file run36.txt (compact mmCIF, C-alpha atoms)
# COMPACT_ATOMS: atom_id res chain seq x y z
CA MET A 1 -11.13 25.22 9.92
CA GLU A 2 -11.69 22.18 7.77
CA PRO A 3 -13.88 22.94 4.72
CA LEU A 4 -17.41 21.54 4.70
CA ILE A 5 -16.72 19.57 1.50
CA ARG A 6 -13.14 18.34 1.82
CA ASN A 7 -12.87 16.62 -1.55
CA ILE A 8 -15.00 15.32 -4.39
CA ALA A 9 -15.70 12.09 -2.46
CA ASP A 10 -17.70 14.12 0.09
CA THR A 11 -20.24 15.01 -2.60
CA ALA A 12 -21.28 11.32 -2.61
CA ARG A 13 -22.19 11.58 1.09
CA TRP A 14 -24.32 14.61 0.38
CA VAL A 15 -26.18 12.92 -2.50
CA ALA A 16 -26.77 9.85 -0.31
CA ILE A 17 -28.75 12.03 2.13
CA PHE A 18 -31.22 12.93 -0.61
CA ARG A 19 -31.62 9.23 -1.44
CA ALA A 20 -32.18 8.51 2.23
CA GLU A 21 -34.84 11.21 2.55
CA GLU A 22 -36.71 9.89 -0.48
CA SER A 23 -36.46 6.31 0.79
CA GLU A 24 -38.01 7.32 4.11
CA ARG A 25 -41.13 8.84 2.54
CA PRO A 26 -44.36 6.79 2.74
CA ASP A 27 -44.72 7.23 -1.04
CA ALA A 28 -41.06 6.59 -1.86
CA ILE A 29 -40.21 6.11 -5.52
CA PHE A 30 -37.19 3.96 -4.66
CA HIS A 31 -35.82 2.45 -1.46
CA ASP A 32 -32.19 2.72 -0.48
CA PRO A 33 -31.99 1.36 3.07
CA TYR A 34 -28.22 1.90 3.19
CA ALA A 35 -28.07 5.56 2.13
CA ARG A 36 -28.24 7.29 5.51
CA ARG A 37 -25.66 4.96 7.05
CA LEU A 38 -23.31 5.58 4.13
CA ALA A 39 -23.82 9.35 4.22
CA GLY A 40 -22.97 9.60 7.91
CA LYS A 41 -22.98 12.81 9.93
CA ARG A 42 -20.91 14.68 7.36
CA GLY A 43 -23.46 13.96 4.65
CA GLU A 44 -26.19 15.45 6.84
CA GLN A 45 -24.06 18.52 7.59
CA ILE A 46 -23.36 19.15 3.91
CA ALA A 47 -26.98 18.68 2.85
CA ASP A 48 -28.20 21.04 5.59
CA ALA A 49 -25.63 23.71 4.77
CA ILE A 50 -26.12 24.08 1.01
CA GLU A 51 -29.58 25.59 0.74
CA PHE A 52 -29.60 25.67 -3.07
CA MET A 53 -29.25 21.90 -3.33
CA LYS A 54 -31.59 21.22 -0.43
CA LYS A 55 -34.25 23.27 -2.21
CA ASN A 56 -33.59 21.34 -5.41
CA SER A 57 -33.26 17.84 -3.95
CA TRP A 58 -35.94 16.78 -6.46
CA SER A 59 -33.16 16.80 -9.06
CA PHE A 60 -31.31 13.98 -7.28
CA VAL A 61 -34.52 12.00 -6.80
CA ALA A 62 -35.28 12.30 -10.51
CA ARG A 63 -31.71 11.40 -11.44
CA THR A 64 -31.73 8.27 -9.28
CA PHE A 65 -35.08 7.23 -10.73
CA LEU A 66 -33.97 7.80 -14.33
CA PHE A 67 -30.70 5.90 -13.93
CA ASP A 68 -32.58 3.05 -12.23
CA GLU A 69 -34.96 2.90 -15.20
CA TYR A 70 -32.14 2.87 -17.76
CA ILE A 71 -30.37 0.08 -15.88
CA LYS A 72 -33.57 -2.00 -15.66
CA GLN A 73 -34.19 -1.45 -19.38
CA HIS A 74 -30.74 -2.67 -20.40
CA VAL A 75 -30.77 -5.65 -18.04
CA GLU A 76 -34.07 -6.66 -19.67
CA LEU A 77 -32.39 -6.26 -23.08
CA GLY A 78 -29.80 -8.82 -22.03
CA TYR A 79 -26.84 -6.60 -21.25
CA ASP A 80 -24.33 -8.71 -19.33
CA MET A 81 -22.27 -6.01 -17.62
CA ILE A 82 -22.92 -2.66 -15.93
CA ILE A 83 -19.82 -0.50 -15.47
CA ASN A 84 -20.40 2.27 -12.93
CA LEU A 85 -17.71 4.93 -13.19
CA ALA A 86 -17.15 7.16 -10.15
CA ALA A 87 -19.70 4.99 -8.37
CA GLY A 88 -19.50 6.89 -5.10
CA LEU A 89 -21.94 5.50 -2.53
CA ASP A 90 -24.26 3.88 -5.09
CA THR A 91 -26.00 0.76 -3.74
CA ARG A 92 -27.89 -0.48 -6.79
CA PRO A 93 -26.27 -3.96 -6.73
CA TYR A 94 -27.77 -4.38 -3.24
CA ARG A 95 -31.12 -2.63 -3.58
CA MET A 96 -32.25 -3.43 -7.13
CA ASP A 97 -33.76 -6.69 -8.36
CA LEU A 98 -30.93 -7.85 -10.62
CA PRO A 99 -30.08 -11.27 -12.10
CA ALA A 100 -27.37 -13.16 -10.23
CA SER A 101 -25.50 -13.63 -13.52
CA LEU A 102 -25.15 -9.90 -14.15
CA LYS A 103 -21.59 -8.58 -13.82
CA TRP A 104 -21.58 -5.22 -12.02
CA VAL A 105 -18.29 -3.32 -11.90
CA GLU A 106 -17.90 -0.17 -9.85
CA VAL A 107 -14.86 2.07 -10.12
CA ASP A 108 -13.87 4.91 -7.81
CA PHE A 109 -11.04 6.35 -5.74
CA PRO A 110 -9.40 3.78 -3.45
CA GLU A 111 -10.57 5.66 -0.32
CA MET A 112 -14.19 5.62 -1.51
CA ILE A 113 -14.10 1.91 -2.38
CA SER A 114 -12.55 1.14 1.02
CA TYR A 115 -15.08 3.25 2.94
CA LYS A 116 -18.10 1.76 1.20
CA SER A 117 -16.76 -1.81 1.43
CA THR A 118 -16.38 -1.38 5.19
CA ILE A 119 -19.92 -0.08 5.67
CA MET A 120 -21.42 -2.74 3.39
CA ALA A 121 -19.29 -5.62 4.61
CA ASP A 122 -22.23 -7.61 6.01
CA GLU A 123 -24.54 -6.99 3.02
CA LYS A 124 -24.89 -9.32 0.04
CA PRO A 125 -25.29 -7.95 -3.50
CA HIS A 126 -27.91 -9.48 -5.79
CA CYS A 127 -25.48 -9.81 -8.71
CA GLU A 128 -21.78 -10.44 -9.31
CA LEU A 129 -20.16 -7.28 -7.91
CA GLN A 130 -16.56 -6.21 -8.43
CA SER A 131 -15.23 -3.03 -6.82
CA ILE A 132 -12.13 -1.56 -8.46
CA PRO A 133 -10.08 1.17 -6.74
CA LEU A 134 -8.82 3.54 -9.43
CA ASP A 135 -8.41 7.25 -9.99
CA LEU A 136 -10.04 7.67 -13.41
CA SER A 137 -7.72 10.58 -14.22
CA GLU A 138 -4.87 8.03 -14.50
CA ILE A 139 -5.30 7.62 -18.24
CA LYS A 140 -3.05 4.61 -18.91
CA ALA A 141 -4.48 2.61 -16.01
CA ARG A 142 -7.99 3.62 -17.03
CA PHE A 143 -7.55 2.48 -20.62
CA ALA A 144 -6.02 -0.82 -19.46
CA LEU A 145 -9.04 -1.41 -17.21
CA PHE A 146 -11.48 -0.59 -20.02
CA LYS A 147 -9.68 -3.06 -22.29
CA GLN A 148 -9.86 -5.78 -19.62
CA LEU A 149 -13.57 -5.16 -19.00
CA GLY A 150 -14.25 -4.96 -22.71
CA ASP A 151 -12.75 -8.40 -23.19
CA ARG A 152 -14.96 -9.81 -20.41
CA SER A 153 -18.27 -8.46 -21.69
CA HIS A 154 -20.45 -8.76 -24.80
CA ASN A 155 -22.96 -5.99 -24.14
CA ALA A 156 -21.97 -3.48 -21.47
CA LEU A 157 -23.81 -0.39 -20.27
CA ILE A 158 -21.58 2.40 -18.97
CA VAL A 159 -23.09 4.41 -16.13
CA SER A 160 -21.53 7.69 -15.02
CA GLU A 161 -23.92 9.39 -12.63
CA GLY A 162 -22.68 12.71 -11.29
CA LEU A 163 -19.23 12.45 -12.93
CA ILE A 164 -19.15 14.34 -16.21
CA GLY A 165 -19.95 17.77 -14.73
CA TYR A 166 -16.63 17.82 -12.86
CA LEU A 167 -14.56 17.31 -16.03
CA ASP A 168 -13.47 19.91 -18.53
CA GLU A 169 -14.14 19.45 -22.26
CA VAL A 170 -10.73 17.89 -22.94
CA GLU A 171 -11.14 15.40 -20.09
CA ALA A 172 -14.72 14.56 -21.07
CA GLY A 173 -13.71 14.01 -24.68
CA ALA A 174 -10.78 11.78 -23.72
CA LEU A 175 -12.99 9.66 -21.46
CA ALA A 176 -15.62 9.32 -24.18
CA LYS A 177 -12.98 8.28 -26.72
CA ASP A 178 -11.45 5.68 -24.38
CA LEU A 179 -14.86 4.17 -23.69
CA ALA A 180 -15.80 4.10 -27.38
CA ALA A 181 -12.63 2.14 -28.18
CA GLN A 182 -14.17 -0.97 -26.60
CA PRO A 183 -16.65 -2.60 -29.03
CA SER A 184 -18.55 -4.34 -26.22
CA PHE A 185 -19.26 -1.03 -24.47
CA LYS A 186 -22.51 -0.63 -26.37
CA ARG A 187 -24.28 2.20 -24.53
CA TRP A 188 -23.54 4.96 -22.03
CA VAL A 189 -25.91 6.83 -19.73
CA LEU A 190 -24.75 10.07 -18.13
CA ASP A 191 -26.25 13.22 -16.70
CA LEU A 192 -25.65 16.50 -18.48
CA MET A 193 -26.35 20.14 -17.70
CA SER A 194 -26.83 23.18 -19.91
CA PRO A 195 -24.50 26.21 -19.89
CA GLY A 196 -27.32 28.15 -18.25
CA LEU A 197 -27.53 25.72 -15.33
CA LEU A 198 -23.75 25.59 -14.99
CA VAL A 199 -23.64 29.37 -14.42
CA MET A 200 -26.37 29.08 -11.79
CA ALA A 201 -24.71 26.13 -10.04
CA GLN A 202 -21.31 27.83 -10.01
CA LYS A 203 -22.85 30.89 -8.38
CA GLU A 204 -24.75 28.95 -5.72
CA MET A 205 -22.29 26.14 -4.96
CA GLY A 206 -18.99 27.44 -6.30
CA PRO A 207 -17.43 28.37 -2.94
CA PHE A 208 -18.19 24.96 -1.40
CA LEU A 209 -16.84 23.03 -4.37
CA LYS A 210 -13.82 25.31 -4.80
CA ASP A 211 -12.70 24.49 -1.25
CA ALA A 212 -12.88 20.81 -2.23
CA ASN A 213 -10.95 21.41 -5.46
CA ALA A 214 -13.97 19.98 -7.29
CA PRO A 215 -15.49 22.79 -9.37
CA LEU A 216 -18.29 22.11 -11.83
CA LYS A 217 -16.97 22.71 -15.36
CA PHE A 218 -18.70 20.73 -18.08
CA ALA A 219 -21.75 22.03 -19.94
CA PRO A 220 -20.94 21.99 -23.68
CA LYS A 221 -22.74 24.56 -25.80
CA GLU A 222 -23.62 21.86 -28.35
CA GLY A 223 -25.25 19.72 -25.65
CA GLU A 224 -25.46 16.01 -26.38
CA GLY A 225 -23.90 16.63 -29.81
CA PHE A 226 -20.54 17.11 -28.09
CA PHE A 227 -20.05 13.35 -27.83
CA LEU A 228 -20.62 12.49 -31.50
CA ARG A 229 -17.05 13.31 -32.54
CA TYR A 230 -15.79 10.94 -29.84
CA GLY A 231 -17.77 7.93 -31.08
CA TRP A 232 -21.10 8.29 -29.25
CA LYS A 233 -24.42 8.81 -31.01
CA TRP A 234 -27.14 10.43 -28.92
CA LEU A 235 -30.29 8.31 -28.56
CA GLU A 236 -32.46 10.22 -26.08
CA SER A 237 -32.50 12.55 -23.10
CA LYS A 238 -34.95 12.77 -20.23
CA SER A 239 -35.33 16.03 -18.36
CA LYS A 240 -34.94 15.82 -14.59
CA LEU A 241 -37.42 18.67 -14.16
CA LYS A 242 -40.10 16.99 -16.29
CA THR A 243 -39.43 13.69 -14.53
CA ALA A 244 -39.70 15.27 -11.08
CA ALA A 245 -43.03 16.80 -12.15
CA LEU A 246 -44.36 13.38 -13.18
CA LEU A 247 -43.12 11.95 -9.87
CA LYS A 248 -44.83 14.80 -7.96
CA ARG A 249 -41.66 15.97 -6.28
CA LEU A 250 -41.86 19.68 -7.22
CA SER A 251 -43.17 22.71 -5.38
CA ASP A 252 -46.13 24.55 -6.92
CA GLU A 253 -43.75 27.19 -8.24
CA MET A 254 -41.52 24.61 -9.92
CA MET A 255 -44.56 22.72 -11.26
CA ALA A 256 -45.57 25.88 -13.10
CA PHE A 257 -42.07 26.17 -14.55
CA ALA A 258 -42.10 22.48 -15.56
CA ALA A 259 -45.26 23.07 -17.60
CA TYR A 260 -43.32 25.08 -20.17
CA PRO A 261 -42.05 23.07 -23.18
CA GLU A 262 -38.31 22.49 -23.41
CA PRO A 263 -36.58 23.16 -26.74
CA GLU A 264 -35.05 20.37 -28.80
CA GLY A 265 -31.28 20.35 -29.13
CA PRO A 266 -28.82 22.47 -27.14
CA LYS A 267 -30.49 24.28 -24.23
CA GLY A 268 -28.21 27.34 -24.08
CA ASP A 269 -29.14 29.69 -21.25
CA LEU A 270 -32.10 27.60 -20.14
CA PRO A 271 -31.27 26.00 -16.75
CA TRP A 272 -31.67 22.38 -17.87
CA THR A 273 -30.33 19.02 -16.73
CA GLY A 274 -31.20 15.51 -17.75
CA ALA A 275 -30.16 11.88 -18.10
CA CYS A 276 -28.81 11.18 -21.58
CA LEU A 277 -28.40 7.85 -23.38
CA PHE A 278 -25.78 7.30 -26.07
CA GLU A 279 -24.81 4.45 -28.39
CA ASN A 280 -21.24 3.53 -29.30
CA THR A 281 -20.79 4.15 -33.03
CA ASP A 282 -17.06 3.34 -32.94
CA GLY A 283 -17.81 0.04 -31.23
CA MET A 284 -20.43 -0.88 -33.81
CA SER A 285 -18.01 -0.21 -36.65
CA ASN A 286 -15.24 -2.21 -34.96
CA SER A 287 -17.35 -5.21 -33.89

call {"tool": "encode", "arguments": {"input": "run36.txt", "output": "structure tokens"}}
result
Amino acid sequence: MEPLIRNIADTARWVAIFRAEESERPDAIFHDPYARRLAGKRGEQIADAIEFMKKNSWSFVARTFLFDEYIKQHVELGYDMIINLAAGLDTRPYRMDLPASLKWVEVDFPEMISYKSTIMADEKPHCELQSIPLDLSEIKARFALFKQLGDRSHNALIVSEGLIGYLDEVEAGALAKDLAAQPSFKRWVLDLMSPGLLVMAQKEMGPFLKDANAPLKFAPKEGEGFFLRYGWKWLESKSKLKTAALLKRLSDEMMAFAAYPEPEGPKGDLPWTGACLFENTDGMSNS
């Protein structure tokens, strides 16, 4: 039988279901009118089958909200390019109020770009959208693309939502270093998990992701400090749990857990995940 999650691209369908469910609420925090169509039947099947993630769908709602807020903030600061790595089925260029002059570049596997382009063929983005088919593990091609985009931008925000957890430490470090080499890549927002959450996620979702050859791997013991040696200074992190509590998307049990203070610095065994913002120190020194 075919595995439920066939490859890493299928995880984007699953996440799109959680965006669709939030969008359909009367008190929706964001509206993604394309999410359910993009997710398709397979997205529904995956979301229904993995109880752990269904129970914790608040995490995806909080993540979408936090990334939306970081993008709005940087657009208001005058950033001229958003580079969305492993963009999956993201629809922000279509659903967010963005200036027409903004350059939005999304990068993902050729099959994912083709699938999304077909579904969205009749929709018009609010900004200047470029979709680039590329396997980001192809290091030479990746670096050449980053150089090209770096030359076209003055202040770029890198967005990698749901990507870094699937890399190992060597791969994550190499990606960070390649990004930092471009002076115009000023900031980077990514989502990070603690070692404690990685153990929990591997236990609950490991079999599904193993079948797809897409295991979760990255949760550095030094937390956000991991990226400093690759040219990225940590600016701030926002907890998905605390955010979901503020958004009133938690059960009573989880609300009680969210009331506890979270430690500063590395989270160790605490099951923690958040959106983290970094600044390019290599780029500042080279600009």

call {"tool": "closest_residue", "arguments": {"input": "run36.txt", "among": "A:Ser101, A:Glu169, A:Thr91, A:Asp151", "to": "Lys124 in chain A", "atoms": "only C-alpha atoms"}}
result
A:Thr91

call {"tool": "residues_around", "arguments": {"input": "run36.txt", "residues": "range 4-15 of chain A", "least_positions_apart": "3", "cutoff": "6 Å", "atoms": "all atoms listed in the file", "output": "VMD selection string"}}
result
chain A and resid 18 39 43 46 to 47 88 to 89 212 214

call {"tool": "atom_distance", "arguments": {"input": "run36.txt", "atom1": "CA of Leu157 in chain A", "atom2": "CA of Arg36 in chain A"}}
result
27.3 Å

call {"tool": "atom_distance", "arguments": {"input": "run36.txt", "atom1": "CA of Leu66 in chain A", "atom2": "CA of Arg229 in chain A"}}
result
25.5 Å

call {"tool": "closest_residue", "arguments": {"input": "run36.txt", "among": "A:Met254, A:Gly150, A:Ile83, A:Leu102", "to": "Ser131 in chain A", "atoms": "only C-alpha atoms"}}
result
A:Ile83

call {"tool": "atom_distance", "arguments": {"input": "run36.txt", "atom1": "CA of Val107 in chain A", "atom2": "CA of Ala87 in chain A"}}
result
5.9 Å

call {"tool": "closest_residue", "arguments": {"input": "run36.txt", "among": "A:Glu2, A:Leu198, A:Pro33, A:Ala86", "to": "Met112 in chain A", "atoms": "all atoms listed in the file"}}
result
A:Ala86

call {"tool": "residues_around", "arguments": {"input": "run36.txt", "residues": "range 255-270 of chain A", "least_positions_apart": "6", "cutoff": "10 Å", "atoms": "all atoms listed in the file", "output": "VMD selection string"}}
result
chain A and resid 193 to 200 219 to 226 237 239 to 246 248 to 249

call {"tool": "write_last_selection", "arguments": {"input": "run36.txt", "atoms": "C-alpha atoms", "output": "mmCIF file, keeping the file's coordinate frame"}}
result
data_model
loop_
_atom_site.group_PDB
_atom_site.id
_atom_site.type_symbol
_atom_site.label_atom_id
_atom_site.label_comp_id
_atom_site.auth_asym_id
_atom_site.auth_seq_id
_atom_site.Cartn_x
_atom_site.Cartn_y
_atom_site.Cartn_z
ATOM 1 C CA MET A 193 -26.350 20.140 -17.700
ATOM 2 C CA SER A 194 -26.830 23.180 -19.910
ATOM 3 C CA PRO A 195 -24.500 26.210 -19.890
ATOM 4 C CA GLY A 196 -27.320 28.150 -18.250
ATOM 5 C CA LEU A 197 -27.530 25.720 -15.330
ATOM 6 C CA LEU A 198 -23.750 25.590 -14.990
ATOM 7 C CA VAL A 199 -23.640 29.370 -14.420
ATOM 8 C CA MET A 200 -26.370 29.080 -11.790
ATOM 9 C CA ALA A 219 -21.750 22.030 -19.940
ATOM 10 C CA PRO A 220 -20.940 21.990 -23.680
ATOM 11 C CA LYS A 221 -22.740 24.560 -25.800
ATOM 12 C CA GLU A 222 -23.620 21.860 -28.350
ATOM 13 C CA GLY A 223 -25.250 19.720 -25.650
ATOM 14 C CA GLU A 224 -25.460 16.010 -26.380
ATOM 15 C CA GLY A 225 -23.900 16.630 -29.810
ATOM 16 C CA PHE A 226 -20.540 17.110 -28.090
ATOM 17 C CA SER A 237 -32.500 12.550 -23.100
ATOM 18 C CA SER A 239 -35.330 16.030 -18.360
ATOM 19 C CA LYS A 240 -34.940 15.820 -14.590
ATOM 20 C CA LEU A 241 -37.420 18.670 -14.160
ATOM 21 C CA LYS A 242 -40.100 16.990 -16.290
ATOM 22 C CA THR A 243 -39.430 13.690 -14.530
ATOM 23 C CA ALA A 244 -39.700 15.270 -11.080
ATOM 24 C CA ALA A 245 -43.030 16.800 -12.150
ATOM 25 C CA LEU A 246 -44.360 13.380 -13.180
ATOM 26 C CA LYS A 248 -44.830 14.800 -7.960
ATOM 27 C CA ARG A 249 -41.660 15.970 -6.280
#

call {"tool": "residues_around", "arguments": {"input": "run36.txt", "residues": "Ala35 in chain A", "least_positions_apart": "2", "cutoff": "6 Å", "atoms": "only C-alpha atoms", "output": "list in words"}}
result
Ala16, Ala20, Asp32, Pro33, Arg37 and Leu38 of chain A

call {"tool": "write_last_selection", "arguments": {"input": "run36.txt", "atoms": "C-alpha atoms", "output": "short mmCIF file (atom, residue, chain, number, x, y, z; two decimals), in the coordinates of the input"}}
result
data_model
loop_
_atom_site.label_atom_id
_atom_site.label_comp_id
_atom_site.auth_asym_id
_atom_site.auth_seq_id
_atom_site.Cartn_x
_atom_site.Cartn_y
_atom_site.Cartn_z
CA ALA A 16 -26.77 9.85 -0.31
CA ALA A 20 -32.18 8.51 2.23
CA ASP A 32 -32.19 2.72 -0.48
CA PRO A 33 -31.99 1.36 3.07
CA ARG A 37 -25.66 4.96 7.05
CA LEU A 38 -23.31 5.58 4.13
#

call {"tool": "closest_residue", "arguments": {"input": "run36.txt", "among": "A:Lys217, A:Ser153, A:Trp104, A:Ala181", "to": "Leu167 in chain A", "atoms": "only C-alpha atoms"}}
result
A:Lys217

call {"tool": "residues_around", "arguments": {"input": "run36.txt", "residues": "Tyr34 in chain A", "least_positions_apart": "4", "cutoff": "12 Å", "atoms": "all atoms listed in the file", "output": "JSON, numbers by chain"}}
result
{"A": [13, 16, 17, 19, 20, 21, 23, 24, 38, 39, 40, 89, 90, 91, 92, 93, 94, 95, 116, 119, 120, 121, 122, 123]}

call {"tool": "write_last_selection", "arguments": {"input": "run36.txt", "atoms": "C-alpha atoms", "output": "compact mmCIF listing (two decimals), in the frame of the given file"}}
result
# COMPACT_ATOMS: atom_id res chain seq x y z
CA ARG A 13 -22.19 11.58 1.09
CA ALA A 16 -26.77 9.85 -0.31
CA ILE A 17 -28.75 12.03 2.13
CA ARG A 19 -31.62 9.23 -1.44
CA ALA A 20 -32.18 8.51 2.23
CA GLU A 21 -34.84 11.21 2.55
CA SER A 23 -36.46 6.31 0.79
CA GLU A 24 -38.01 7.32 4.11
CA LEU A 38 -23.31 5.58 4.13
CA ALA A 39 -23.82 9.35 4.22
CA GLY A 40 -22.97 9.60 7.91
CA LEU A 89 -21.94 5.50 -2.53
CA ASP A 90 -24.26 3.88 -5.09
CA THR A 91 -26.00 0.76 -3.74
CA ARG A 92 -27.89 -0.48 -6.79
CA PRO A 93 -26.27 -3.96 -6.73
CA TYR A 94 -27.77 -4.38 -3.24
CA ARG A 95 -31.12 -2.63 -3.58
CA LYS A 116 -18.10 1.76 1.20
CA ILE A 119 -19.92 -0.08 5.67
CA MET A 120 -21.42 -2.74 3.39
CA ALA A 121 -19.29 -5.62 4.61
CA ASP A 122 -22.23 -7.61 6.01
CA GLU A 123 -24.54 -6.99 3.02

call {"tool": "closest_residue", "arguments": {"input": "run36.txt", "among": "A:Ala180, A:Leu228, A:Ala174, A:Leu235", "to": "Ile139 in chain A", "atoms": "all atoms listed in the file"}}
result
A:Ala174

call {"tool": "axis_aligned_box", "arguments": {"input": "run36.txt", "around": "range 230-240 of chain A", "padding_each_side": "5 Å", "output": "lines of an AutoDock Vina configuration file"}}
result
center_x = -25.6
center_y = 12.0
center_z = -22.8
size_x = 29.5
size_y = 18.1
size_z = 26.5

call {"tool": "closest_residue", "arguments": {"input": "run36.txt", "among": "A:Asp80, A:Asp135, A:Asp97, A:Asp27", "to": "Glu111 in chain A", "atoms": "all atoms listed in the file"}}
result
A:Asp135

call {"tool": "residues_near_point", "arguments": {"input": "run36.txt", "point": "(-30.7, 7.1, -14.0)", "cutoff": "12 Å", "atoms": "all atoms listed in the file", "output": "count of residues only"}}
result
40

call {"tool": "build_atoms", "arguments": {"input": "run36.txt", "residues": "range 43-62 of chain A", "atoms": "N, CA and C atoms", "output": "mmCIF file, keeping the file's coordinate frame"}}
result
data_model
loop_
_atom_site.group_PDB
_atom_site.id
_atom_site.type_symbol
_atom_site.label_atom_id
_atom_site.label_comp_id
_atom_site.auth_asym_id
_atom_site.auth_seq_id
_atom_site.Cartn_x
_atom_site.Cartn_y
_atom_site.Cartn_z
ATOM 1 N N GLY A 43 -22.474 13.818 5.709
ATOM 2 C CA GLY A 43 -23.460 13.960 4.650
ATOM 3 C C GLY A 43 -24.627 14.824 5.081
ATOM 4 N N GLU A 44 -25.096 14.627 6.311
ATOM 5 C CA GLU A 44 -26.190 15.450 6.840
ATOM 6 C C GLU A 44 -25.772 16.907 6.960
ATOM 7 N N GLN A 45 -24.558 17.150 7.432
ATOM 8 C CA GLN A 45 -24.060 18.520 7.590
ATOM 9 C C GLN A 45 -23.979 19.238 6.249
ATOM 10 N N ILE A 46 -23.488 18.545 5.239
ATOM 11 C CA ILE A 46 -23.360 19.150 3.910
ATOM 12 C C ILE A 46 -24.737 19.462 3.337
ATOM 13 N N ALA A 47 -25.639 18.492 3.409
ATOM 14 C CA ALA A 47 -26.980 18.680 2.850
ATOM 15 C C ALA A 47 -27.714 19.824 3.538
ATOM 16 N N ASP A 48 -27.531 19.964 4.843
ATOM 17 C CA ASP A 48 -28.200 21.040 5.590
ATOM 18 C C ASP A 48 -27.609 22.412 5.272
ATOM 19 N N ALA A 49 -26.316 22.438 4.943
ATOM 20 C CA ALA A 49 -25.630 23.710 4.770
ATOM 21 C C ALA A 49 -25.834 24.341 3.398
ATOM 22 N N ILE A 50 -26.027 23.536 2.372
ATOM 23 C CA ILE A 50 -26.120 24.080 1.010
ATOM 24 C C ILE A 50 -27.589 24.191 0.640
ATOM 25 N N GLU A 51 -28.143 25.362 0.888
ATOM 26 C CA GLU A 51 -29.580 25.590 0.740
ATOM 27 C C GLU A 51 -30.043 25.384 -0.699
ATOM 28 N N PHE A 52 -29.223 25.784 -1.651
ATOM 29 C CA PHE A 52 -29.600 25.670 -3.070
ATOM 30 C C PHE A 52 -29.900 24.218 -3.432
ATOM 31 N N MET A 53 -29.050 23.296 -2.984
ATOM 32 C CA MET A 53 -29.250 21.900 -3.330
ATOM 33 C C MET A 53 -30.365 21.270 -2.493
ATOM 34 N N LYS A 54 -30.500 21.719 -1.261
ATOM 35 C CA LYS A 54 -31.590 21.220 -0.430
ATOM 36 C C LYS A 54 -32.939 21.574 -1.057
ATOM 37 N N LYS A 55 -33.026 22.793 -1.556
ATOM 38 C CA LYS A 55 -34.250 23.270 -2.210
ATOM 39 C C LYS A 55 -34.527 22.507 -3.493
ATOM 40 N N ASN A 56 -33.460 22.031 -4.130
ATOM 41 C CA ASN A 56 -33.590 21.340 -5.410
ATOM 42 C C ASN A 56 -33.264 19.850 -5.302
ATOM 43 N N SER A 57 -33.548 19.270 -4.141
ATOM 44 C CA SER A 57 -33.260 17.840 -3.950
ATOM 45 C C SER A 57 -34.058 16.964 -4.917
ATOM 46 N N TRP A 58 -35.165 17.509 -5.460
ATOM 47 C CA TRP A 58 -35.940 16.780 -6.460
ATOM 48 C C TRP A 58 -35.081 16.338 -7.640
ATOM 49 N N SER A 59 -34.028 17.127 -7.931
ATOM 50 C CA SER A 59 -33.160 16.800 -9.060
ATOM 51 C C SER A 59 -32.434 15.473 -8.832
ATOM 52 N N PHE A 60 -32.006 15.234 -7.590
ATOM 53 C CA PHE A 60 -31.310 13.980 -7.280
ATOM 54 C C PHE A 60 -32.279 12.807 -7.241
ATOM 55 N N VAL A 61 -33.491 13.055 -6.784
ATOM 56 C CA VAL A 61 -34.520 12.000 -6.800
ATOM 57 C C VAL A 61 -34.810 11.595 -8.236
ATOM 58 N N ALA A 62 -35.002 12.589 -9.098
ATOM 59 C CA ALA A 62 -35.280 12.300 -10.510
ATOM 60 C C ALA A 62 -34.103 11.596 -11.166
#
